[in-house]
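Structure below is input.cif: mmCIF, C-alpha atoms.
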```cif
data_model
loop_
_atom_site.group_PDB
_atom_site.id
_atom_site.type_symbol
_atom_site.label_atom_id
_atom_site.label_comp_id
_atom_site.auth_asym_id
_atom_site.auth_seq_id
_atom_site.Cartn_x
_atom_site.Cartn_y
_atom_site.Cartn_z
ATOM 1 C CA MET Q 1 -2.670 16.118 -5.730
ATOM 2 C CA SER Q 2 -2.119 12.463 -4.883
ATOM 3 C CA ILE Q 3 0.047 9.552 -5.938
ATOM 4 C CA TYR Q 4 -0.899 6.348 -7.782
ATOM 5 C CA ILE Q 5 -4.702 6.926 -7.756
ATOM 6 C CA ASP Q 6 -7.135 9.836 -8.156
ATOM 7 C CA GLU Q 7 -10.498 10.719 -9.749
ATOM 8 C CA SER Q 8 -9.350 9.186 -13.058
ATOM 9 C CA THR Q 9 -8.930 5.735 -11.510
ATOM 10 C CA ARG Q 10 -11.097 3.071 -13.168
ATOM 11 C CA LEU Q 11 -11.076 0.032 -10.900
ATOM 12 C CA VAL Q 12 -11.464 -3.633 -11.844
ATOM 13 C CA VAL Q 13 -11.646 -6.155 -8.994
ATOM 14 C CA GLN Q 14 -10.294 -9.665 -9.509
ATOM 15 C CA GLY Q 15 -12.604 -11.802 -7.399
ATOM 16 C CA LEU Q 16 -15.462 -9.296 -7.157
ATOM 17 C CA THR Q 17 -18.002 -12.110 -6.825
ATOM 18 C CA GLY Q 18 -16.275 -13.543 -3.724
ATOM 19 C CA SER Q 19 -17.304 -12.394 -0.248
ATOM 20 C CA GLN Q 20 -14.233 -10.211 0.426
ATOM 21 C CA GLY Q 21 -14.030 -8.855 -3.097
ATOM 22 C CA ARG Q 22 -17.711 -7.954 -3.078
ATOM 23 C CA PHE Q 23 -17.615 -6.304 0.363
ATOM 24 C CA HIS Q 24 -14.557 -4.159 -0.227
ATOM 25 C CA GLY Q 25 -15.140 -3.578 -3.938
ATOM 26 C CA PHE Q 26 -18.550 -2.080 -3.316
ATOM 27 C CA ARG Q 27 -17.288 -0.279 -0.213
ATOM 28 C CA ASN Q 28 -14.743 1.414 -2.450
ATOM 29 C CA LYS Q 29 -17.521 2.210 -4.928
ATOM 30 C CA ALA Q 30 -19.654 3.759 -2.172
ATOM 31 C CA TYR Q 31 -16.640 5.907 -1.232
ATOM 32 C CA GLY Q 32 -16.652 7.323 -4.752
ATOM 33 C CA THR Q 33 -14.145 5.120 -6.556
ATOM 34 C CA ASN Q 34 -15.118 4.408 -10.139
ATOM 35 C CA LEU Q 35 -15.641 0.619 -9.999
ATOM 36 C CA VAL Q 36 -16.086 -0.383 -13.633
ATOM 37 C CA ALA Q 37 -15.710 -4.173 -13.716
ATOM 38 C CA GLY Q 38 -15.121 -7.462 -11.963
ATOM 39 C CA VAL Q 39 -13.257 -10.548 -13.153
ATOM 40 C CA THR Q 40 -14.230 -14.082 -12.158
ATOM 41 C CA PRO Q 41 -13.433 -16.960 -14.557
ATOM 42 C CA GLY Q 42 -16.617 -18.758 -15.554
ATOM 43 C CA LYS Q 43 -18.926 -15.873 -14.640
ATOM 44 C CA GLY Q 44 -18.267 -13.666 -17.646
ATOM 45 C CA GLY Q 45 -21.367 -12.099 -19.153
ATOM 46 C CA THR Q 46 -23.118 -11.670 -15.813
ATOM 47 C CA ASP Q 47 -23.208 -8.609 -13.566
ATOM 48 C CA LEU Q 48 -23.133 -7.889 -9.855
ATOM 49 C CA ALA Q 49 -25.314 -4.966 -8.744
ATOM 50 C CA GLY Q 50 -24.887 -3.459 -12.192
ATOM 51 C CA VAL Q 51 -21.114 -3.966 -12.402
ATOM 52 C CA PRO Q 52 -20.228 -6.205 -15.387
ATOM 53 C CA ILE Q 53 -18.275 -9.412 -14.746
ATOM 54 C CA PHE Q 54 -15.717 -10.738 -17.236
ATOM 55 C CA ASP Q 55 -13.833 -14.033 -17.560
ATOM 56 C CA THR Q 56 -10.427 -12.413 -18.110
ATOM 57 C CA MET Q 57 -8.617 -9.182 -17.342
ATOM 58 C CA SER Q 58 -7.957 -8.415 -20.998
ATOM 59 C CA GLU Q 59 -11.708 -8.621 -21.735
ATOM 60 C CA ALA Q 60 -12.518 -6.351 -18.781
ATOM 61 C CA VAL Q 61 -9.947 -3.725 -19.780
ATOM 62 C CA ALA Q 62 -10.997 -3.759 -23.436
ATOM 63 C CA ALA Q 63 -14.684 -3.319 -22.584
ATOM 64 C CA THR Q 64 -14.481 -0.800 -19.730
ATOM 65 C CA GLY Q 65 -11.163 1.051 -19.971
ATOM 66 C CA ALA Q 66 -10.164 -0.140 -16.508
ATOM 67 C CA ASN Q 67 -6.710 1.115 -15.510
ATOM 68 C CA THR Q 68 -6.301 -0.183 -11.940
ATOM 69 C CA ALA Q 69 -6.605 -3.782 -10.741
ATOM 70 C CA MET Q 70 -7.372 -4.870 -7.186
ATOM 71 C CA THR Q 71 -6.806 -8.551 -6.373
ATOM 72 C CA PHE Q 72 -8.936 -10.537 -3.928
ATOM 73 C CA VAL Q 73 -8.014 -13.916 -5.428
ATOM 74 C CA PRO Q 74 -7.366 -16.814 -2.953
ATOM 75 C CA PRO Q 75 -3.647 -17.324 -2.111
ATOM 76 C CA ALA Q 76 -3.090 -20.440 -4.226
ATOM 77 C CA PHE Q 77 -4.220 -18.628 -7.379
ATOM 78 C CA ALA Q 78 -3.322 -15.030 -6.549
ATOM 79 C CA ALA Q 79 0.102 -14.997 -8.217
ATOM 80 C CA ASP Q 80 -1.393 -16.070 -11.536
ATOM 81 C CA GLY Q 81 -4.124 -13.431 -11.146
ATOM 82 C CA ILE Q 82 -1.548 -10.701 -10.541
ATOM 83 C CA LEU Q 83 0.475 -11.807 -13.565
ATOM 84 C CA GLU Q 84 -2.685 -11.736 -15.691
ATOM 85 C CA ALA Q 85 -3.366 -8.181 -14.512
ATOM 86 C CA ALA Q 86 0.197 -7.131 -15.335
ATOM 87 C CA ALA Q 87 -0.175 -8.559 -18.829
ATOM 88 C CA ALA Q 88 -3.443 -6.711 -19.527
ATOM 89 C CA GLU Q 89 -2.610 -3.695 -21.682
ATOM 90 C CA GLY Q 90 -4.043 -0.575 -20.064
ATOM 91 C CA ILE Q 91 -3.572 -1.604 -16.421
ATOM 92 C CA GLU Q 92 -1.374 1.054 -14.785
ATOM 93 C CA LEU Q 93 -1.459 -0.169 -11.164
ATOM 94 C CA ILE Q 94 -2.066 -3.483 -9.380
ATOM 95 C CA VAL Q 95 -3.161 -3.570 -5.739
ATOM 96 C CA ALA Q 96 -2.880 -7.086 -4.264
ATOM 97 C CA ILE Q 97 -4.767 -7.436 -0.977
ATOM 98 C CA THR Q 98 -4.497 -11.243 -0.718
ATOM 99 C CA GLU Q 99 -2.675 -12.533 2.363
ATOM 100 C CA GLY Q 100 -0.841 -15.862 2.529
ATOM 101 C CA ILE Q 101 0.607 -16.110 -0.968
ATOM 102 C CA PRO Q 102 3.543 -18.577 -0.829
ATOM 103 C CA ALA Q 103 6.868 -16.737 -0.683
ATOM 104 C CA GLN Q 104 8.145 -18.711 -3.680
ATOM 105 C CA ASP Q 105 5.164 -17.493 -5.716
ATOM 106 C CA GLU Q 106 5.797 -13.911 -4.583
ATOM 107 C CA ALA Q 107 9.438 -14.127 -5.657
ATOM 108 C CA ARG Q 108 8.436 -15.569 -9.028
ATOM 109 C CA LEU Q 109 5.835 -12.903 -9.792
ATOM 110 C CA TYR Q 110 8.065 -10.079 -8.521
ATOM 111 C CA ASN Q 111 10.897 -11.086 -10.827
ATOM 112 C CA TYR Q 112 8.556 -11.564 -13.778
ATOM 113 C CA ILE Q 113 6.862 -8.182 -13.333
ATOM 114 C CA GLN Q 114 10.190 -6.407 -12.881
ATOM 115 C CA GLN Q 115 11.507 -7.935 -16.102
ATOM 116 C CA THR Q 116 8.428 -7.668 -18.298
ATOM 117 C CA SER Q 117 6.230 -4.824 -17.055
ATOM 118 C CA ARG Q 118 6.392 -1.223 -15.843
ATOM 119 C CA THR Q 119 3.157 -1.641 -13.875
ATOM 120 C CA PRO Q 120 3.617 -0.933 -10.130
ATOM 121 C CA LEU Q 121 2.422 -3.630 -7.737
ATOM 122 C CA ILE Q 122 1.227 -2.572 -4.262
ATOM 123 C CA GLY Q 123 1.370 -5.554 -1.852
ATOM 124 C CA PRO Q 124 0.623 -8.432 -1.674
ATOM 125 C CA ASN Q 125 -0.719 -8.795 1.873
ATOM 126 C CA CYS Q 126 -1.489 -5.114 2.262
ATOM 127 C CA PRO Q 127 -4.450 -2.799 2.959
ATOM 128 C CA GLY Q 128 -4.047 -1.081 -0.403
ATOM 129 C CA LEU Q 129 -4.117 2.685 -0.725
ATOM 130 C CA ILE Q 130 -6.461 5.637 -0.434
ATOM 131 C CA SER Q 131 -6.317 9.213 -1.684
ATOM 132 C CA PRO Q 132 -8.915 10.883 0.560
ATOM 133 C CA GLY Q 133 -11.752 12.478 -1.356
ATOM 134 C CA LYS Q 134 -10.573 10.963 -4.635
ATOM 135 C CA ALA Q 135 -10.358 7.163 -4.655
ATOM 136 C CA ASN Q 136 -9.987 4.162 -2.363
ATOM 137 C CA CYS Q 137 -8.430 0.975 -3.728
ATOM 138 C CA GLY Q 138 -8.161 -1.321 -0.747
ATOM 139 C CA ILE Q 139 -9.583 -1.954 2.692
ATOM 140 C CA THR Q 140 -8.647 1.269 4.496
ATOM 141 C CA PRO Q 141 -11.737 2.765 6.194
ATOM 142 C CA GLY Q 142 -12.334 6.030 4.386
ATOM 143 C CA GLU Q 143 -14.287 7.369 7.366
ATOM 144 C CA ILE Q 144 -11.105 8.114 9.348
ATOM 145 C CA THR Q 145 -9.347 9.976 6.529
ATOM 146 C CA MET Q 146 -9.503 13.569 5.334
ATOM 147 C CA PRO Q 147 -7.935 15.293 2.330
ATOM 148 C CA GLY Q 148 -4.702 17.131 3.089
ATOM 149 C CA PRO Q 149 -0.946 17.417 2.629
ATOM 150 C CA ILE Q 150 0.508 14.472 4.584
ATOM 151 C CA GLY Q 151 1.654 11.317 2.797
ATOM 152 C CA VAL Q 152 1.577 8.033 4.719
ATOM 153 C CA VAL Q 153 3.488 4.852 3.843
ATOM 154 C CA SER Q 154 3.498 1.786 6.066
ATOM 155 C CA ARG Q 155 4.383 -1.911 6.261
ATOM 156 C CA SER Q 156 1.646 -2.458 8.858
ATOM 157 C CA GLY Q 157 -2.044 -2.307 7.979
ATOM 158 C CA THR Q 158 -3.348 -1.624 11.471
ATOM 159 C CA LEU Q 159 -0.720 1.017 12.190
ATOM 160 C CA THR Q 160 -1.607 2.692 8.902
ATOM 161 C CA TYR Q 161 -5.072 3.247 10.308
ATOM 162 C CA GLN Q 162 -3.629 4.433 13.630
ATOM 163 C CA ALA Q 163 -1.423 6.988 11.872
ATOM 164 C CA ILE Q 164 -4.327 8.237 9.756
ATOM 165 C CA HIS Q 165 -6.494 8.581 12.858
ATOM 166 C CA GLU Q 166 -3.831 10.551 14.718
ATOM 167 C CA LEU Q 167 -3.392 12.911 11.769
ATOM 168 C CA THR Q 168 -7.108 13.433 11.217
ATOM 169 C CA MET Q 169 -7.732 14.086 14.922
ATOM 170 C CA ARG Q 170 -5.274 16.976 14.662
ATOM 171 C CA GLY Q 171 -6.846 18.321 11.491
ATOM 172 C CA LEU Q 172 -3.958 17.079 9.364
ATOM 173 C CA GLY Q 173 -5.328 15.528 6.204
ATOM 174 C CA GLN Q 174 -3.627 13.023 3.957
ATOM 175 C CA SER Q 175 -2.592 13.234 0.296
ATOM 176 C CA THR Q 176 -2.321 9.456 -0.167
ATOM 177 C CA CYS Q 177 -1.971 6.610 2.350
ATOM 178 C CA VAL Q 178 -0.118 3.577 0.998
ATOM 179 C CA GLY Q 179 0.106 0.233 2.793
ATOM 180 C CA ILE Q 180 2.954 -1.665 1.134
ATOM 181 C CA GLY Q 181 2.522 -4.809 3.252
ATOM 182 C CA GLY Q 182 4.952 -6.712 5.410
ATOM 183 C CA ASP Q 183 5.817 -9.756 3.298
ATOM 184 C CA PRO Q 184 9.487 -10.484 2.481
ATOM 185 C CA VAL Q 185 9.033 -9.716 -1.234
ATOM 186 C CA PRO Q 186 6.841 -6.607 -1.524
ATOM 187 C CA GLY Q 187 6.024 -5.347 -4.990
ATOM 188 C CA THR Q 188 6.541 -1.737 -3.882
ATOM 189 C CA THR Q 189 9.112 -0.532 -1.354
ATOM 190 C CA PHE Q 190 9.419 2.451 0.955
ATOM 191 C CA VAL Q 191 11.859 3.984 -1.526
ATOM 192 C CA ASP Q 192 9.345 3.735 -4.398
ATOM 193 C CA VAL Q 193 6.668 5.551 -2.391
ATOM 194 C CA LEU Q 194 9.034 8.113 -0.844
ATOM 195 C CA ALA Q 195 10.179 9.105 -4.342
ATOM 196 C CA ARG Q 196 6.593 9.726 -5.430
ATOM 197 C CA PHE Q 197 5.756 11.753 -2.306
ATOM 198 C CA GLU Q 198 8.903 13.831 -2.815
ATOM 199 C CA ALA Q 199 7.796 14.581 -6.390
ATOM 200 C CA ASP Q 200 4.194 15.373 -5.388
ATOM 201 C CA PRO Q 201 3.955 19.179 -4.969
ATOM 202 C CA GLU Q 202 0.981 18.983 -2.596
ATOM 203 C CA THR Q 203 2.552 16.518 -0.154
ATOM 204 C CA ARG Q 204 4.252 18.637 2.531
ATOM 205 C CA ALA Q 205 5.368 15.925 4.970
ATOM 206 C CA ILE Q 206 5.620 12.139 5.086
ATOM 207 C CA VAL Q 207 4.768 9.606 7.784
ATOM 208 C CA MET Q 208 6.663 6.327 7.470
ATOM 209 C CA ILE Q 209 5.818 3.295 9.604
ATOM 210 C CA GLY Q 210 8.242 0.404 9.660
ATOM 211 C CA GLU Q 211 8.678 -2.743 11.669
ATOM 212 C CA ILE Q 212 11.324 -5.254 12.646
ATOM 213 C CA GLY Q 213 12.900 -7.597 10.119
ATOM 214 C CA GLY Q 214 14.577 -7.084 6.778
ATOM 215 C CA SER Q 215 16.455 -3.970 5.705
ATOM 216 C CA ALA Q 216 13.722 -1.889 4.016
ATOM 217 C CA GLU Q 217 13.889 0.860 6.651
ATOM 218 C CA GLU Q 218 17.674 1.138 6.418
ATOM 219 C CA GLN Q 219 17.403 1.421 2.612
ATOM 220 C CA ALA Q 220 14.716 4.072 3.071
ATOM 221 C CA ALA Q 221 16.997 5.993 5.448
ATOM 222 C CA GLU Q 222 19.738 6.146 2.803
ATOM 223 C CA PHE Q 223 17.226 7.374 0.219
ATOM 224 C CA ILE Q 224 15.820 10.019 2.579
ATOM 225 C CA ARG Q 225 19.293 11.293 3.366
ATOM 226 C CA ASP Q 226 20.149 11.745 -0.315
ATOM 227 C CA HIS Q 227 16.834 12.526 -2.027
ATOM 228 C CA VAL Q 228 14.019 13.672 0.300
ATOM 229 C CA SER Q 229 13.714 17.352 1.195
ATOM 230 C CA LYS Q 230 10.376 17.127 3.015
ATOM 231 C CA PRO Q 231 9.980 16.386 6.745
ATOM 232 C CA VAL Q 232 9.685 12.672 7.496
ATOM 233 C CA ILE Q 233 8.186 11.358 10.735
ATOM 234 C CA GLY Q 234 8.741 7.685 11.502
ATOM 235 C CA TYR Q 235 7.624 4.947 13.848
ATOM 236 C CA ILE Q 236 9.120 1.442 14.122
ATOM 237 C CA ALA Q 237 7.013 -1.366 15.577
ATOM 238 C CA GLY Q 238 8.610 -4.232 17.472
ATOM 239 C CA PHE Q 239 10.969 -2.799 20.121
ATOM 240 C CA THR Q 240 9.972 -5.522 22.588
ATOM 241 C CA ALA Q 241 10.030 -8.434 20.120
ATOM 242 C CA PRO Q 242 12.323 -11.323 21.158
ATOM 243 C CA VAL Q 243 15.324 -12.106 18.923
ATOM 244 C CA GLY Q 244 14.867 -15.065 16.563
ATOM 245 C CA LYS Q 245 11.094 -15.376 17.002
ATOM 246 C CA LYS Q 246 8.818 -14.848 14.012
ATOM 247 C CA MET Q 247 6.291 -12.114 14.784
ATOM 248 C CA GLY Q 248 3.169 -11.546 12.696
ATOM 249 C CA HIS Q 249 4.250 -10.636 9.196
ATOM 250 C CA ALA Q 250 6.415 -13.101 7.319
ATOM 251 C CA GLY Q 251 9.108 -10.463 7.081
ATOM 252 C CA ALA Q 252 9.095 -9.626 10.781
ATOM 253 C CA ILE Q 253 11.947 -11.656 12.231
ATOM 254 C CA ILE Q 254 15.150 -10.486 13.898
ATOM 255 C CA SER Q 255 18.449 -12.256 13.304
ATOM 256 C CA GLY Q 256 21.182 -11.181 15.723
ATOM 257 C CA SER Q 257 21.497 -7.397 15.731
ATOM 258 C CA SER Q 258 20.221 -7.099 12.161
ATOM 259 C CA GLY Q 259 16.680 -5.891 11.584
ATOM 260 C CA THR Q 260 16.066 -4.691 15.122
ATOM 261 C CA ALA Q 261 13.804 -1.764 15.854
ATOM 262 C CA ALA Q 262 16.712 0.046 17.538
ATOM 263 C CA ALA Q 263 18.933 -0.342 14.464
ATOM 264 C CA LYS Q 264 16.188 0.943 12.190
ATOM 265 C CA GLN Q 265 15.449 3.904 14.464
ATOM 266 C CA GLU Q 266 19.142 4.817 14.552
ATOM 267 C CA ALA Q 267 19.383 4.652 10.750
ATOM 268 C CA LEU Q 268 16.328 6.834 10.250
ATOM 269 C CA GLU Q 269 17.332 9.401 12.859
ATOM 270 C CA SER Q 270 20.782 9.680 11.289
ATOM 271 C CA ALA Q 271 19.002 10.599 8.039
ATOM 272 C CA GLY Q 272 17.041 13.384 9.740
ATOM 273 C CA VAL Q 273 13.813 11.509 10.395
ATOM 274 C CA THR Q 274 11.888 12.285 13.571
ATOM 275 C CA VAL Q 275 11.165 8.848 15.065
ATOM 276 C CA VAL Q 276 8.482 8.705 17.758
ATOM 277 C CA ASP Q 277 8.272 6.022 20.458
ATOM 278 C CA ASP Q 278 4.499 5.681 20.381
ATOM 279 C CA PRO Q 279 2.170 5.740 17.342
ATOM 280 C CA THR Q 280 -0.218 8.042 19.223
ATOM 281 C CA MET Q 281 2.524 10.718 19.037
ATOM 282 C CA ILE Q 282 2.565 10.781 15.224
ATOM 283 C CA GLY Q 283 0.075 13.632 14.836
ATOM 284 C CA GLU Q 284 1.867 15.828 17.356
ATOM 285 C CA ALA Q 285 5.243 15.113 15.742
ATOM 286 C CA VAL Q 286 3.959 15.982 12.261
ATOM 287 C CA ALA Q 287 2.365 19.204 13.535
ATOM 288 C CA GLY Q 288 5.736 20.169 14.995
ATOM 289 C CA ARG Q 289 7.555 19.823 11.678
ATOM 290 C CA ILE Q 290 5.269 21.543 9.157
#
```
Hey, can you dump this file as structure tokens for me?
Amino acid sequence: MSIYIDESTRLVVQGLTGSQGRFHGFRNKAYGTNLVAGVTPGKGGTDLAGVPIFDTMSEAVAATGANTAMTFVPPAFAADGILEAAAAEGIELIVAITEGIPAQDEARLYNYIQQTSRTPLIGPNCPGLISPGKANCGITPGEITMPGPIGVVSRSGTLTYQAIHELTMRGLGQSTCVGIGGDPVPGTTFVDVLARFEADPETRAIVMIGEIGGSAEEQAAEFIRDHVSKPVIGYIAGFTAPVGKKMGHAGAIISGSSGTAAAKQEALESAGVTVVDDPTMIGEAVAGRI
């Protein structure tokens, strides 16, 4: 089994005719994902390598039965694209890859989607998600994955790949790997994904990768303590980051003692999570708990 996506996923890419949308959209198609449409305003009625292009999301969904949207729209227009996807009846999941969306726009679209739609939003500023052997909706290299029972959820794109690699090298396949992104206003949180992995009967253990800044890991620790029965293995990036200095992701900033890697590790360990000091130890730690 998997969460969010599987063989029934019918993918529409917003911005398929752009360089990034084309590269990753057709890479997902080559992996086996059912890419059914692209949306680029002004190019409706054309096609790209046999994939039909539509002017609007509602037209694409009506014509192709698309149920999952992936957004490669430039930052200045991405929020409007995501809102259009959320408003398209039939879209069950939105995966926003775009990096650099203004925080004010992210806050606006998050509030609007929460109040008007039940459609989950993965990202923005994330690598998307992959269910090995079933579907890939994002930029994760499918070559390093393998089907299996380990769920992965991460705020860091690169460390998502590292965790997958460590698991695969030990013969530990993945059920679904979800990159939720590191922006201050993510559409999907650790808690959202942990709840789905807990409910997925074929996910036997969970790898969770956090980083400095914010309180998402502490909230996840409380949820794990009260609601997760499966083994959780964690890693927190940023132990050597200086206080008060913005590091990488917009959400990665420490203020005083709040949001530090040490505080997050302590919270997770108090909830029963095995927290490793090095991402290369993730595979070994998972093998020791299943």
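On the file presented, the PyMOL selection byres ((chain Q and resi 140) around 9) picks out Q:Pro127, Q:Gly128, Q:Leu129, Q:Ile130, Q:Asn136, Q:Cys137, Q:Gly138, Q:Ile139, Q:Pro141, Q:Gly142, Q:Glu143, Q:Ile144, Q:Thr145, Q:Gly157, Q:Thr160, Q:Tyr161, Q:Cys177, Q:Gly179.
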8 Å contact set for range 116-126 of chain Q, only C-alpha atoms, chain neighbours under 2 positions out, as JSON, numbers by chain
{"Q": [86, 87, 91, 92, 93, 94, 95, 96, 97, 98, 99, 100, 101, 112, 113, 114, 128, 155, 156, 157, 179, 180, 181, 182, 183, 186, 187, 188]}
Can you write just those residues out, C-alpha atoms, as a PDB file, keeping the file's coordinate frame?
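Written output follows (result28.pdb):
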```pdb
ATOM      1  CA  ALA Q  86       0.197  -7.131 -15.335  1.00  0.00           C
ATOM      2  CA  ALA Q  87      -0.175  -8.559 -18.829  1.00  0.00           C
ATOM      3  CA  ILE Q  91      -3.572  -1.604 -16.421  1.00  0.00           C
ATOM      4  CA  GLU Q  92      -1.374   1.054 -14.785  1.00  0.00           C
ATOM      5  CA  LEU Q  93      -1.459  -0.169 -11.164  1.00  0.00           C
ATOM      6  CA  ILE Q  94      -2.066  -3.483  -9.380  1.00  0.00           C
ATOM      7  CA  VAL Q  95      -3.161  -3.570  -5.739  1.00  0.00           C
ATOM      8  CA  ALA Q  96      -2.880  -7.086  -4.264  1.00  0.00           C
ATOM      9  CA  ILE Q  97      -4.767  -7.436  -0.977  1.00  0.00           C
ATOM     10  CA  THR Q  98      -4.497 -11.243  -0.718  1.00  0.00           C
ATOM     11  CA  GLU Q  99      -2.675 -12.533   2.363  1.00  0.00           C
ATOM     12  CA  GLY Q 100      -0.841 -15.862   2.529  1.00  0.00           C
ATOM     13  CA  ILE Q 101       0.607 -16.110  -0.968  1.00  0.00           C
ATOM     14  CA  TYR Q 112       8.556 -11.564 -13.778  1.00  0.00           C
ATOM     15  CA  ILE Q 113       6.862  -8.182 -13.333  1.00  0.00           C
ATOM     16  CA  GLN Q 114      10.190  -6.407 -12.881  1.00  0.00           C
ATOM     17  CA  GLY Q 128      -4.047  -1.081  -0.403  1.00  0.00           C
ATOM     18  CA  ARG Q 155       4.383  -1.911   6.261  1.00  0.00           C
ATOM     19  CA  SER Q 156       1.646  -2.458   8.858  1.00  0.00           C
ATOM     20  CA  GLY Q 157      -2.044  -2.307   7.979  1.00  0.00           C
ATOM     21  CA  GLY Q 179       0.106   0.233   2.793  1.00  0.00           C
ATOM     22  CA  ILE Q 180       2.954  -1.665   1.134  1.00  0.00           C
ATOM     23  CA  GLY Q 181       2.522  -4.809   3.252  1.00  0.00           C
ATOM     24  CA  GLY Q 182       4.952  -6.712   5.410  1.00  0.00           C
ATOM     25  CA  ASP Q 183       5.817  -9.756   3.298  1.00  0.00           C
ATOM     26  CA  PRO Q 186       6.841  -6.607  -1.524  1.00  0.00           C
ATOM     27  CA  GLY Q 187       6.024  -5.347  -4.990  1.00  0.00           C
ATOM     28  CA  THR Q 188       6.541  -1.737  -3.882  1.00  0.00           C
TER      29      THR Q 188
END
```
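Reported to one decimal place, the separation of CA of Gly283 in chain Q from CA of Phe239 in chain Q is 20.4 Å.
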Find the residues around Glu218 in chain Q up to 9 Å (all atoms listed in the file counted), leave out those fewer than 5 positions away in its own chain, and share them as a list in words.
Phe223, Gly259, Ala263, Lys264, Gln265, Ala267 and Leu268 of chain Q
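Nearest residue to Val275 in chain Q, choosing from Q:Ala63, Q:Leu194, Q:Val207, Q:Met146 and counting only C-alpha atoms: Q:Val207.
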For the file shown, what are the residues hit by the PyMOL selection byres ((chain Q and resi 273) around 10), laid out as an MDAnalysis selection string?
chainID Q and resid 206:208 221 224:225 230:235 265:272 274:276
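You can rank Q:Val61, Q:Val286, Q:Val13, Q:Ala103 by their closest distance to Gly173 in chain Q using only C-alpha atoms, and at the top of that list sits Q:Val286.
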Quick one: pull the distance between CA of Tyr4 in chain Q and CA of Thr168 in chain Q, Å, one decimal.
21.2 Å
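Across the model, the gap from CA of Glu84 in chain Q to CA of Arg196 in chain Q is 25.5 Å.
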Of the residues Q:Gly81, Q:Pro149, Q:Gly238, Q:Gly171, which is the one nearest to Phe197 in chain Q, using only C-alpha atoms?
Q:Pro149
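Run against this file, the PyMOL selection byres ((chain Q and resi 41-51) around 10) gives back Val12, Gln14, Gly15, Leu16, Thr17, Arg22, Phe26, Leu35, Val36, Ala37, Gly38, Val39, Thr40, Pro52, Ile53, Phe54, Asp55, Thr56, Met57, Glu59 and Ala60 of chain Q.
Remark: for Ile290 in chain Q, the closest of the candidate residues Q:Gln104, Q:Leu172, Q:Lys134, Q:Met70 is Q:Leu172 (distances computed over all atoms listed in the file).
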My list of candidates is Q:Val178, Q:Ala237, Q:Ala66, Q:Leu109. Which is closest to Asp80 in chain Q when distances are computed with only C-alpha atoms?
Q:Leu109
